[in-house]
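Here is the structure we will look at.
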Amino acid sequence: MSRSAWVFLLMSVAWANSAHAQDTTVARLRARADSLARAWREAGALANLVDSLERARAGEGRDTIAVGALRIVTNPSPLPLRQAAARAWPVIDSLYGTAGADLARRPYIVHAVDPDTAAPRASFHVGLEVPWDLDEASVVTLLLTNVPIAPPDLALADWLGASLRPAVRSQYDRATVYVQLVTAPSAAARRCYLGDVGRCADALGFGDPAGALERWYPSSGERRALVIGSFAEYFNRGATATAFRACAGGSDSDCTELLRGLTGNALPKPLGYEARTTLVHLALRLGGRDAYRRLLANPADPLAARLTAAAGMPVDSLISRWRGQVMSSRPRPVPLPVWGFAVALGWTVLFAFCGLRSTRWRVT
Amino acid sequence: MSHAIEISGLKYRAGSFELKDVDLHVPTGSIYGFLGPNGSGKTTTMRLVLGLLRPLGGRISVLGDRMPDDAPRILARVGYVPEQPHLDATLTVRELMTFQAAFYPTWDAACAEDLLKRFELDDHRLFGRLSKGQKAKLMILLALAQRGDLLVLDEPTDGLDPVVRRDILTALLEYVAERKATIFISSHLVHELERFCDWVAVMDDGRVVTEVPMEKLKLGTKRLVVSGAPAAPGATPFVVLSREPANGASERWIVGQWEPAMSSYFAGVGASLVDVIDLDLEDGFVELLRSFRTSRG
Amino acid sequence: MFRVILYGQWKWSRLIVVVGTIAAFALPIISVQGATGGDASPLHAQDLLRAVQSWGTLYPVLAAALGLLVAIATWAADHRGRHVHALTLPVPRWRYVLLRFGAGMTLLAAPILAVLVGALLATASATIPSGLQGYPIALALRFAVAVLVAFAVFFAISAGTARTAGIILGTMAALVLVQVLASLANIPLNLVDVLQLVVLNWPGPLAVFTGRWMLVDV
């Protein structure tokens, strides 16, 4: 056989071996993955069983407080749960509307515990452990931030970034959004601030996910700022370390490649959680008592359409109103109010007078 | 006779020290010496006169006005030199003169300049860097240039050399002669006040021992050699400060407020006056204090 | 009278006033130094706000320090002479104290003006992204008020007798002691928090010092 033929034969054998080895490896990996997935499902089922047993155990020998559609299962204690529930229910009801009635089947489980950390505590895996010396306002906040509403669908949860809860400090949240509009290192946010409602929709994450990077962070500076500001620890190691350093040094192509390599929804939206929740809260308020149900009715629809359905108005109008609310919630700037100056000057005069009244300076 | 300072029934307490029922009358135009050992209450009394301290009781009148009610009006006419330097150490001599002039409408700039030259003070020197004598001179300068009607001087020459002391006392005497001002000066240096004062008050342990014209204190204190004196002398025209045995049957008497005509007293009680010996003021002062302390037990 | 008192106080506190004035002038300028001569893009907004906020924490510190040091210097000369000179001057005592107070406030005008000038220069020279605004006058006014409050507090303490200072220290010590005893006895008493609430929140005397001091803000 000629030399080339031997080489060809050798290479064929090598390829066949490697192909066979690859097939074996892939099969092995696939089997392994299947086994892991099975274990995962079994673990999940076990966890659910444990939770349900815990709930059953948690409910034994306890009081149930009913206020509106809220149900709170708790042990007897000085915790002002009824009063707090009476304050929390109107807020919860105004957000979820008719969907709030579902909360009657999803009680809070509250374990009121001795605030003395030396006292022994039973271990539970469901419910809220709350020291019973908490004041009413704090309990109200606790109830609002832990509403046991059914989790929304994946698309909405993914877009929001967390569950939809009632606003505890809505004015503060809008002020936060204002600051985000001004300071976010994103042209989309900046354009929204300057009045471009279409870019507001984009900044809120309504656009086509494809091309989001170019729309949200069109300039090289923005991309670089995003990589360094938000992903320094994530990228500056392992396989991406070199690209990170190149990006930090000014290479836009490296920055872009790193950001494109982020999976799923890892690319940060220009505006944060508060922006999206304030928008949804506005939509639900405008849409009436069934707005929340309408929002959840068609999970397959695009989010813009779902918000339109919830609010009862086109999403552009909704966003325009939302922007107007945010702009009017500009945080109070640095200067002291007039009365602040008066108070401070009053203290100045008072202390100066105290200096005069010292016994050293009094004649009689 | 009008009084530049009138104190009646003055009471004050600070810790364990007490002034009790102090009465003083400083005649206008006099040089009034305030004698007493250290810690007798001289400085405290002066501070009360100037309103630096608040009395517990009594009445103080300075230049016709009540202290502390009319303090600013009084202090505008009073020049004060305390025992310890009290001026801002970071200001120069010139700056201190300017400072003082701003507060006293009666400030005499020509007088101040004249005294500056006489006392040979460098007007660019910081007060904190002056010697003890220079500080004393500056404080006197400021008090005199104010052209006040009353000078209150608390041991102004204490610790100073004789040359400085003489300069200061000369300036004071000239001031008094020129202005007919009153000087209220305290010291524990008896011989210094002896040459200088018209009146003297002696203070001890918060109480006034005596308050008399200087001549009377000086000339009126004598050592008598007496023989055959009765054990109880009865009422005497003079003040018996002390008695002690001498040689043989004689006794030595220290008396105050003596006048020559009083020698006839001894004949009346069957004693004889052997000798009359003059005492200097210092001896008289010491005897006075000793007698005062003994009588208080 | 005021002039000579002012001059005397100046001699005691000139170093403090000069250094404080330089610091007061430099602070606003340094706080925006990253924003000078650049583009006003949103990229700079966060950096600028961060820098301004972190440098801004020095304004209340500087105000308190100036108030304290000038108040001490106000009475330094009199304290050394045990107030004898002051108490024997032919002016009503309240007037003398007011003269001292006025002189101190006059000296503090220099660093306050320095903050104003520095802040105006800083905001004029910095490229401020849209959506953000400069507040040079508001900042300078707030600084002025903070300096005056600090000066008044320490002036009152310094003008008092040793007994006054003793009473103040004694009160503070008593509060601490009560707090410690309450903690030992497991009594839920939190005097420090209460005091903080009263003093540091409006309308407390030190409320002007709290909060963010931002030369540039939304």
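Numbering starts fresh at 1 for the residues of each chain in the structure tokens, the chains themselves are lettered A, B, ... in the order given, and ligands are numbered from 1 as they appear.
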A:Gly272 surroundings by only C-alpha atoms, 9 Å radius, close-in-sequence under 6 positions cut, as a list in words
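My list of contacting residues is Leu160, Gly161, Val177, Gln180 and Leu204 of chain A.
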Export C-alpha atoms of the chosen residues as a PDB file, in the first residue's frame?
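Output (result_0.pdb):
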```
ATOM      1  CA  LEU A 160     -40.888  41.377  36.672  1.00  0.00           C
ATOM      2  CA  GLY A 161     -37.884  39.763  38.247  1.00  0.00           C
ATOM      3  CA  VAL A 177     -37.370  55.007  39.148  1.00  0.00           C
ATOM      4  CA  GLN A 180     -32.806  55.266  37.496  1.00  0.00           C
ATOM      5  CA  LEU A 204     -38.943  48.409  30.413  1.00  0.00           C
TER       6      LEU A 204
END
```
Do you know which residues are at most 12 Å from B:Ser16 counting only C-alpha atoms, after dropping those on the same chain fewer than 4 positions away, and could you put them as a list in words?
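So, after excluding close chain neighbours, the residues are Tyr12, Gly39, Asp205 and Gly206 of chain B.
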Running DSSP on the backbone, which parts of stretch 51-97 of chain A land in strand (DSSP E or B), as a PyMOL selection string?
chain A and resi 63-67+70-74
With N, CA and C atoms retained, export the selected residues as a PDB file, in the first residue's frame.
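Generated output (out_27.pdb):
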```pdb
ATOM      1  N   ASP A  63     -54.765  29.391  66.199  1.00  0.00           N
ATOM      2  CA  ASP A  63     -55.890  30.255  65.850  1.00  0.00           C
ATOM      3  C   ASP A  63     -55.839  30.594  64.369  1.00  0.00           C
ATOM      4  N   THR A  64     -56.973  30.912  63.826  1.00  0.00           N
ATOM      5  CA  THR A  64     -57.022  31.445  62.470  1.00  0.00           C
ATOM      6  C   THR A  64     -57.670  32.815  62.526  1.00  0.00           C
ATOM      7  N   ILE A  65     -56.947  33.804  62.036  1.00  0.00           N
ATOM      8  CA  ILE A  65     -57.485  35.166  61.996  1.00  0.00           C
ATOM      9  C   ILE A  65     -57.997  35.413  60.583  1.00  0.00           C
ATOM     10  N   ALA A  66     -59.238  35.883  60.518  1.00  0.00           N
ATOM     11  CA  ALA A  66     -59.818  36.150  59.202  1.00  0.00           C
ATOM     12  C   ALA A  66     -60.166  37.624  59.100  1.00  0.00           C
ATOM     13  N   VAL A  67     -59.554  38.280  58.155  1.00  0.00           N
ATOM     14  CA  VAL A  67     -59.875  39.682  57.874  1.00  0.00           C
ATOM     15  C   VAL A  67     -60.015  39.817  56.369  1.00  0.00           C
ATOM     16  N   LEU A  70     -58.126  37.594  53.857  1.00  0.00           N
ATOM     17  CA  LEU A  70     -56.870  37.148  54.465  1.00  0.00           C
ATOM     18  C   LEU A  70     -57.154  36.118  55.548  1.00  0.00           C
ATOM     19  N   ARG A  71     -56.361  35.079  55.551  1.00  0.00           N
ATOM     20  CA  ARG A  71     -56.412  34.088  56.627  1.00  0.00           C
ATOM     21  C   ARG A  71     -55.006  33.987  57.193  1.00  0.00           C
ATOM     22  N   ILE A  72     -54.938  34.088  58.521  1.00  0.00           N
ATOM     23  CA  ILE A  72     -53.633  34.005  59.178  1.00  0.00           C
ATOM     24  C   ILE A  72     -53.733  32.930  60.241  1.00  0.00           C
ATOM     25  N   VAL A  73     -52.937  31.875  60.072  1.00  0.00           N
ATOM     26  CA  VAL A  73     -52.892  30.805  61.054  1.00  0.00           C
ATOM     27  C   VAL A  73     -51.705  31.084  61.964  1.00  0.00           C
ATOM     28  N   THR A  74     -51.985  31.187  63.244  1.00  0.00           N
ATOM     29  CA  THR A  74     -50.913  31.601  64.136  1.00  0.00           C
ATOM     30  C   THR A  74     -51.132  31.038  65.529  1.00  0.00           C
TER      31      THR A  74
END
```
Taking only C-alpha atoms into account, find every residue of chain C that has an atom no more than 9 Å from chain A, and write it out as a PyMOL selection string.
chain C and resi 41-47+49+83+87+92-98+101+129-132+135+137-139+141-142+145-146+148-161+164+202-208+211-218
Using only C-alpha atoms, find the residues of chain B whose closest atom to chain A is at most 10 Å away, then write them as a list of chain:residue names.
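Close to chain A, chain B has B:Gly51, B:Leu52, B:Leu53, B:Arg54, B:Met67, B:Pro68, B:Asp69, B:Asp70, B:Ala71.
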Create the file for the chosen residues now, containing C-alpha atoms and written as a compact mmCIF listing (two decimals), in the first residue's frame.
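Output file result_20.txt follows:
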```txt
# COMPACT_ATOMS: atom_id res chain seq x y z
CA GLY B 51 -18.54 92.85 90.70
CA LEU B 52 -16.39 89.89 89.75
CA LEU B 53 -17.94 87.93 92.59
CA ARG B 54 -21.47 87.91 93.96
CA MET B 67 -22.55 97.36 92.59
CA PRO B 68 -23.48 95.12 90.76
CA ASP B 69 -26.59 96.95 89.55
CA ASP B 70 -24.68 99.78 87.91
CA ALA B 71 -21.60 97.80 87.03
```
Spatial neighbours of B:Tyr175, max dist 12 Å, only C-alpha atoms, sep filter under 2 positions, as a list in words
Gly29, Ile31, Gly79, Cys111, Leu115, Ile140, Leu141, Ala143, Leu144, Ala145, Gln146, Arg147, Gly148, Asp149, Leu150, Leu151, Ile168, Leu169, Thr170, Ala171, Leu172, Leu173, Ala177, Glu178, Arg179, Lys180, Ala181, Thr182 and Ile183 of chain B
Create the file for the chosen residues now, containing N, CA and C atoms and written as a PDB file, in the first residue's frame.
```pdb
ATOM      1  N   GLY B  29     -10.588 110.526  97.083  1.00  0.00           N
ATOM      2  CA  GLY B  29      -9.328 111.262  96.956  1.00  0.00           C
ATOM      3  C   GLY B  29      -8.209 110.721  97.818  1.00  0.00           C
ATOM      4  N   ILE B  31      -5.496 107.696  99.328  1.00  0.00           N
ATOM      5  CA  ILE B  31      -4.778 106.486  98.914  1.00  0.00           C
ATOM      6  C   ILE B  31      -4.981 105.508 100.062  1.00  0.00           C
ATOM      7  N   GLY B  79     -10.105 101.948  87.139  1.00  0.00           N
ATOM      8  CA  GLY B  79      -8.976 101.245  86.546  1.00  0.00           C
ATOM      9  C   GLY B  79      -8.564 100.122  87.488  1.00  0.00           C
ATOM     10  N   CYS B 111      -1.490 110.588  77.219  1.00  0.00           N
ATOM     11  CA  CYS B 111      -1.005 110.044  78.489  1.00  0.00           C
ATOM     12  C   CYS B 111      -0.454 108.639  78.290  1.00  0.00           C
ATOM     13  N   LEU B 115       3.343 107.450  79.029  1.00  0.00           N
ATOM     14  CA  LEU B 115       3.685 106.371  79.949  1.00  0.00           C
ATOM     15  C   LEU B 115       4.430 105.242  79.232  1.00  0.00           C
ATOM     16  N   ILE B 140      -0.524  98.906  84.625  1.00  0.00           N
ATOM     17  CA  ILE B 140      -0.654 100.224  85.264  1.00  0.00           C
ATOM     18  C   ILE B 140      -0.906 101.294  84.203  1.00  0.00           C
ATOM     19  N   LEU B 141      -0.184 101.168  83.100  1.00  0.00           N
ATOM     20  CA  LEU B 141      -0.363 102.129  82.003  1.00  0.00           C
ATOM     21  C   LEU B 141      -1.806 102.150  81.542  1.00  0.00           C
ATOM     22  N   ALA B 143      -4.454 101.172  83.156  1.00  0.00           N
ATOM     23  CA  ALA B 143      -5.348 101.688  84.200  1.00  0.00           C
ATOM     24  C   ALA B 143      -5.278 103.207  84.282  1.00  0.00           C
ATOM     25  N   LEU B 144      -4.077 103.754  84.136  1.00  0.00           N
ATOM     26  CA  LEU B 144      -3.922 105.203  84.263  1.00  0.00           C
ATOM     27  C   LEU B 144      -4.447 105.926  83.035  1.00  0.00           C
ATOM     28  N   ALA B 145      -4.199 105.369  81.873  1.00  0.00           N
ATOM     29  CA  ALA B 145      -4.610 106.061  80.645  1.00  0.00           C
ATOM     30  C   ALA B 145      -6.128 106.103  80.500  1.00  0.00           C
ATOM     31  N   GLN B 146      -6.815 105.250  81.227  1.00  0.00           N
ATOM     32  CA  GLN B 146      -8.281 105.278  81.207  1.00  0.00           C
ATOM     33  C   GLN B 146      -8.835 106.537  81.871  1.00  0.00           C
ATOM     34  N   ARG B 147      -7.979 107.198  82.681  1.00  0.00           N
ATOM     35  CA  ARG B 147      -8.365 108.427  83.388  1.00  0.00           C
ATOM     36  C   ARG B 147      -9.593 108.195  84.271  1.00  0.00           C
ATOM     37  N   GLY B 148      -9.569 107.109  85.011  1.00  0.00           N
ATOM     38  CA  GLY B 148     -10.687 106.811  85.899  1.00  0.00           C
ATOM     39  C   GLY B 148     -10.586 107.591  87.201  1.00  0.00           C
ATOM     40  N   ASP B 149     -11.665 107.590  87.945  1.00  0.00           N
ATOM     41  CA  ASP B 149     -11.691 108.289  89.228  1.00  0.00           C
ATOM     42  C   ASP B 149     -11.260 107.385  90.372  1.00  0.00           C
ATOM     43  N   LEU B 150     -11.184 106.111  90.099  1.00  0.00           N
ATOM     44  CA  LEU B 150     -10.808 105.160  91.145  1.00  0.00           C
ATOM     45  C   LEU B 150      -9.872 104.137  90.532  1.00  0.00           C
ATOM     46  N   LEU B 151      -8.784 103.882  91.238  1.00  0.00           N
ATOM     47  CA  LEU B 151      -7.881 102.813  90.826  1.00  0.00           C
ATOM     48  C   LEU B 151      -7.934 101.718  91.885  1.00  0.00           C
ATOM     49  N   ILE B 168       6.498 102.569  89.236  1.00  0.00           N
ATOM     50  CA  ILE B 168       5.042 102.421  89.319  1.00  0.00           C
ATOM     51  C   ILE B 168       4.467 103.337  90.386  1.00  0.00           C
ATOM     52  N   LEU B 169       5.084 103.329  91.533  1.00  0.00           N
ATOM     53  CA  LEU B 169       4.549 104.143  92.619  1.00  0.00           C
ATOM     54  C   LEU B 169       4.638 105.635  92.277  1.00  0.00           C
ATOM     55  N   THR B 170       5.695 106.016  91.600  1.00  0.00           N
ATOM     56  CA  THR B 170       5.833 107.428  91.192  1.00  0.00           C
ATOM     57  C   THR B 170       4.702 107.802  90.246  1.00  0.00           C
ATOM     58  N   ALA B 171       4.448 106.934  89.281  1.00  0.00           N
ATOM     59  CA  ALA B 171       3.371 107.223  88.327  1.00  0.00           C
ATOM     60  C   ALA B 171       2.030 107.329  89.045  1.00  0.00           C
ATOM     61  N   LEU B 172       1.822 106.474  90.029  1.00  0.00           N
ATOM     62  CA  LEU B 172       0.560 106.502  90.757  1.00  0.00           C
ATOM     63  C   LEU B 172       0.411 107.811  91.534  1.00  0.00           C
ATOM     64  N   LEU B 173       1.478 108.216  92.174  1.00  0.00           N
ATOM     65  CA  LEU B 173       1.418 109.437  92.956  1.00  0.00           C
ATOM     66  C   LEU B 173       1.154 110.642  92.063  1.00  0.00           C
ATOM     67  N   ALA B 177      -2.087 113.112  92.295  1.00  0.00           N
ATOM     68  CA  ALA B 177      -1.916 114.575  92.449  1.00  0.00           C
ATOM     69  C   ALA B 177      -2.626 115.307  91.325  1.00  0.00           C
ATOM     70  N   GLU B 178      -2.559 114.736  90.135  1.00  0.00           N
ATOM     71  CA  GLU B 178      -3.113 115.410  88.960  1.00  0.00           C
ATOM     72  C   GLU B 178      -4.636 115.297  88.926  1.00  0.00           C
ATOM     73  N   ARG B 179      -5.153 114.121  89.237  1.00  0.00           N
ATOM     74  CA  ARG B 179      -6.573 113.830  89.010  1.00  0.00           C
ATOM     75  C   ARG B 179      -7.416 113.871  90.274  1.00  0.00           C
ATOM     76  N   LYS B 180      -6.759 113.938  91.395  1.00  0.00           N
ATOM     77  CA  LYS B 180      -7.482 113.820  92.679  1.00  0.00           C
ATOM     78  C   LYS B 180      -8.264 112.504  92.710  1.00  0.00           C
ATOM     79  N   ALA B 181      -7.670 111.487  92.136  1.00  0.00           N
ATOM     80  CA  ALA B 181      -8.357 110.194  92.083  1.00  0.00           C
ATOM     81  C   ALA B 181      -8.173 109.464  93.413  1.00  0.00           C
ATOM     82  N   THR B 182      -8.934 108.431  93.591  1.00  0.00           N
ATOM     83  CA  THR B 182      -8.830 107.570  94.777  1.00  0.00           C
ATOM     84  C   THR B 182      -8.089 106.307  94.374  1.00  0.00           C
ATOM     85  N   ILE B 183      -7.223 105.885  95.257  1.00  0.00           N
ATOM     86  CA  ILE B 183      -6.522 104.623  95.007  1.00  0.00           C
ATOM     87  C   ILE B 183      -6.855 103.670  96.140  1.00  0.00           C
TER      88      ILE B 183
END
```
Please identify all polymer residues within 7 Å of stretch 260-270 of chain B, counting only C-alpha atoms, omitting same-chain residues fewer than 3 positions from it, and present them as a list of chain:residue names.
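These residues fall inside the cut-off: B:Gly228, B:Ala229, B:Pro237, B:Leu273.
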When you draw a straight line from atom CA of A:Trp322 to atom CA of A:Ala275, how long is it in Å?
9.1 Å
Report as number ranges by chain all protein, DNA and RNA residues lying within 8 Å of A:Leu296, evaluated on only C-alpha atoms, omitting residues in the same chain fewer than 3 positions from it.
A: 152-153, 292-293, 299, 306
Residues of chain B within 9 Å of chain C, only C-alpha atoms counted, as a PyMOL selection string
chain B and resi 50-52+71-80+82+84-91+95+98-104
Mind dumping the selected residues with C-alpha atoms as a PDB file, in the first residue's frame?
```pdb
ATOM      1  CA  LEU B  50     -15.640  95.224  91.141  1.00  0.00           C
ATOM      2  CA  GLY B  51     -18.542  92.851  90.700  1.00  0.00           C
ATOM      3  CA  LEU B  52     -16.388  89.890  89.747  1.00  0.00           C
ATOM      4  CA  ALA B  71     -21.597  97.801  87.029  1.00  0.00           C
ATOM      5  CA  PRO B  72     -20.914  99.153  83.512  1.00  0.00           C
ATOM      6  CA  ARG B  73     -21.240 102.752  84.683  1.00  0.00           C
ATOM      7  CA  ILE B  74     -18.951 102.114  87.631  1.00  0.00           C
ATOM      8  CA  LEU B  75     -16.362 100.184  85.662  1.00  0.00           C
ATOM      9  CA  ALA B  76     -16.102 102.990  83.111  1.00  0.00           C
ATOM     10  CA  ARG B  77     -14.558 105.077  85.877  1.00  0.00           C
ATOM     11  CA  VAL B  78     -12.434 102.411  87.504  1.00  0.00           C
ATOM     12  CA  GLY B  79      -8.976 101.245  86.546  1.00  0.00           C
ATOM     13  CA  TYR B  80      -8.164  97.766  87.803  1.00  0.00           C
ATOM     14  CA  PRO B  82      -5.240  92.456  89.335  1.00  0.00           C
ATOM     15  CA  GLN B  84      -2.163  88.030  88.133  1.00  0.00           C
ATOM     16  CA  PRO B  85      -1.771  89.301  84.552  1.00  0.00           C
ATOM     17  CA  HIS B  86      -5.140  89.058  82.865  1.00  0.00           C
ATOM     18  CA  LEU B  87      -4.611  90.377  79.375  1.00  0.00           C
ATOM     19  CA  ASP B  88      -4.599  88.548  76.041  1.00  0.00           C
ATOM     20  CA  ALA B  89      -1.118  87.118  75.615  1.00  0.00           C
ATOM     21  CA  THR B  90      -1.365  87.089  71.821  1.00  0.00           C
ATOM     22  CA  LEU B  91      -1.844  90.823  71.502  1.00  0.00           C
ATOM     23  CA  GLU B  95      -2.878  96.229  70.273  1.00  0.00           C
ATOM     24  CA  THR B  98      -6.024  99.991  71.107  1.00  0.00           C
ATOM     25  CA  PHE B  99      -8.322  97.367  72.629  1.00  0.00           C
ATOM     26  CA  GLN B 100      -8.590  99.228  75.887  1.00  0.00           C
ATOM     27  CA  ALA B 101      -9.111 102.589  74.188  1.00  0.00           C
ATOM     28  CA  ALA B 102     -12.098 101.184  72.309  1.00  0.00           C
ATOM     29  CA  PHE B 103     -13.949 100.503  75.553  1.00  0.00           C
ATOM     30  CA  TYR B 104     -13.145 103.673  77.496  1.00  0.00           C
TER      31      TYR B 104
END
```
Extract the full set of helix (DSSP H, G or I) residues from stretch 57-110 of chain C according to DSSP on the backbone, and format it as JSON, numbers by chain.
{"C": [58, 59, 60, 61, 62, 63, 64, 65, 66, 67, 68, 69, 70, 71, 72, 73, 74, 75, 76, 77, 78, 79, 80, 84, 85, 86, 87, 93, 94, 95, 96, 97, 98, 99, 100, 101, 102, 103, 104, 105, 106, 107, 108, 109, 110]}
Would you mind exporting N, CA and C atoms of the selected residues as a short mmCIF file (atom, residue, chain, number, x, y, z; two decimals), in the first residue's frame?
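Result went into again-v7.cif, see below:
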```
data_model
loop_
_atom_site.label_atom_id
_atom_site.label_comp_id
_atom_site.auth_asym_id
_atom_site.auth_seq_id
_atom_site.Cartn_x
_atom_site.Cartn_y
_atom_site.Cartn_z
N LEU C 58 -18.19 65.07 53.84
CA LEU C 58 -17.22 65.92 54.54
C LEU C 58 -17.77 67.30 54.91
N TYR C 59 -18.86 67.72 54.27
CA TYR C 59 -19.40 69.05 54.58
C TYR C 59 -19.85 69.17 56.04
N PRO C 60 -20.68 68.22 56.53
CA PRO C 60 -21.07 68.37 57.94
C PRO C 60 -19.90 68.22 58.89
N VAL C 61 -18.92 67.41 58.52
CA VAL C 61 -17.74 67.25 59.37
C VAL C 61 -16.98 68.58 59.44
N LEU C 62 -16.80 69.19 58.28
CA LEU C 62 -16.10 70.48 58.22
C LEU C 62 -16.87 71.55 58.98
N ALA C 63 -18.19 71.55 58.81
CA ALA C 63 -19.02 72.53 59.51
C ALA C 63 -18.90 72.38 61.02
N ALA C 64 -18.97 71.13 61.48
CA ALA C 64 -18.87 70.89 62.93
C ALA C 64 -17.49 71.27 63.45
N ALA C 65 -16.47 70.91 62.70
CA ALA C 65 -15.10 71.22 63.13
C ALA C 65 -14.87 72.73 63.20
N LEU C 66 -15.34 73.44 62.19
CA LEU C 66 -15.17 74.89 62.19
C LEU C 66 -15.92 75.52 63.36
N GLY C 67 -17.15 75.06 63.56
CA GLY C 67 -17.93 75.61 64.67
C GLY C 67 -17.26 75.39 66.00
N LEU C 68 -16.76 74.18 66.19
CA LEU C 68 -16.11 73.84 67.46
C LEU C 68 -14.85 74.64 67.68
N LEU C 69 -13.98 74.66 66.66
CA LEU C 69 -12.67 75.29 66.84
C LEU C 69 -12.78 76.80 66.98
N VAL C 70 -13.65 77.41 66.19
CA VAL C 70 -13.79 78.87 66.30
C VAL C 70 -14.42 79.23 67.64
N ALA C 71 -15.34 78.39 68.12
CA ALA C 71 -15.95 78.67 69.43
C ALA C 71 -14.91 78.58 70.54
N ILE C 72 -14.06 77.59 70.45
CA ILE C 72 -12.99 77.47 71.46
C ILE C 72 -12.06 78.68 71.39
N ALA C 73 -11.69 79.06 70.16
CA ALA C 73 -10.79 80.20 69.98
C ALA C 73 -11.45 81.50 70.44
N THR C 74 -12.76 81.58 70.33
CA THR C 74 -13.49 82.78 70.77
C THR C 74 -13.22 83.08 72.23
N TRP C 75 -13.22 82.02 73.03
CA TRP C 75 -13.08 82.22 74.48
C TRP C 75 -11.69 81.93 75.00
N ALA C 76 -10.79 81.55 74.12
CA ALA C 76 -9.46 81.11 74.58
C ALA C 76 -8.76 82.19 75.39
N ALA C 77 -8.73 83.41 74.85
CA ALA C 77 -8.01 84.48 75.54
C ALA C 77 -8.64 84.76 76.91
N ASP C 78 -9.96 84.79 76.95
CA ASP C 78 -10.64 85.07 78.23
C ASP C 78 -10.46 83.94 79.22
N HIS C 79 -10.47 82.72 78.74
CA HIS C 79 -10.28 81.59 79.65
C HIS C 79 -8.92 81.65 80.30
N ARG C 80 -7.92 82.03 79.50
CA ARG C 80 -6.57 82.08 80.05
C ARG C 80 -6.45 83.13 81.14
N VAL C 84 -11.22 87.78 83.82
CA VAL C 84 -11.13 88.97 84.66
C VAL C 84 -11.22 90.23 83.80
N HIS C 85 -10.47 90.22 82.70
CA HIS C 85 -10.47 91.41 81.84
C HIS C 85 -11.85 91.67 81.29
N ALA C 86 -12.49 90.63 80.80
CA ALA C 86 -13.82 90.79 80.20
C ALA C 86 -14.83 91.29 81.22
N LEU C 87 -14.76 90.76 82.43
CA LEU C 87 -15.76 91.11 83.44
C LEU C 87 -15.53 92.49 84.04
N ARG C 93 -22.63 92.85 80.40
CA ARG C 93 -22.04 91.54 80.09
C ARG C 93 -22.71 90.88 78.92
N TRP C 94 -24.02 91.04 78.81
CA TRP C 94 -24.72 90.41 77.69
C TRP C 94 -24.21 90.98 76.38
N ARG C 95 -23.86 92.26 76.42
CA ARG C 95 -23.38 92.89 75.20
C ARG C 95 -21.99 92.34 74.82
N TYR C 96 -21.19 92.13 75.83
CA TYR C 96 -19.86 91.57 75.57
C TYR C 96 -19.98 90.18 74.96
N VAL C 97 -20.87 89.36 75.51
CA VAL C 97 -21.06 88.00 74.98
C VAL C 97 -21.57 88.08 73.54
N LEU C 98 -22.48 89.01 73.29
CA LEU C 98 -22.98 89.16 71.92
C LEU C 98 -21.87 89.62 70.97
N LEU C 99 -21.01 90.49 71.46
CA LEU C 99 -19.89 90.94 70.62
C LEU C 99 -19.01 89.75 70.25
N ARG C 100 -18.76 88.90 71.23
CA ARG C 100 -17.93 87.71 70.97
C ARG C 100 -18.63 86.80 69.97
N PHE C 101 -19.92 86.63 70.16
CA PHE C 101 -20.67 85.75 69.26
C PHE C 101 -20.65 86.30 67.85
N GLY C 102 -20.89 87.62 67.76
CA GLY C 102 -20.89 88.25 66.44
C GLY C 102 -19.54 88.16 65.77
N ALA C 103 -18.48 88.32 66.56
CA ALA C 103 -17.14 88.23 65.98
C ALA C 103 -16.87 86.83 65.45
N GLY C 104 -17.29 85.84 66.21
CA GLY C 104 -17.12 84.46 65.76
C GLY C 104 -17.87 84.19 64.47
N MET C 105 -19.09 84.67 64.42
CA MET C 105 -19.88 84.45 63.21
C MET C 105 -19.28 85.18 62.01
N THR C 106 -18.71 86.33 62.29
CA THR C 106 -18.08 87.09 61.20
C THR C 106 -16.90 86.32 60.64
N LEU C 107 -16.11 85.73 61.53
CA LEU C 107 -14.96 84.95 61.06
C LEU C 107 -15.41 83.74 60.27
N LEU C 108 -16.54 83.17 60.66
CA LEU C 108 -17.02 81.98 59.96
C LEU C 108 -17.60 82.32 58.58
N ALA C 109 -17.81 83.59 58.33
CA ALA C 109 -18.32 83.98 57.01
C ALA C 109 -17.34 83.59 55.91
N ALA C 110 -16.04 83.58 56.25
CA ALA C 110 -15.04 83.28 55.21
C ALA C 110 -15.19 81.86 54.66
#
```
Could you state the separation of atom CA of B:Phe17 and atom CA of B:Pro37 in Å, given to one decimal place?
14.3 Å
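The environment of stretch 207-222 of chain B within 7 Å, counting only C-alpha atoms and disregarding residues fewer than 6 places along the same chain, consists of Leu19, Lys20, Val22, Cys197, Asp198, Trp199, Val200, Ala201, Ile254, Val255, Gly256, Gln257, Trp258, Glu259, Val276, Ile277, Asp278, Leu279, Asp280, Leu281, Gly284 and Phe292 of chain B.
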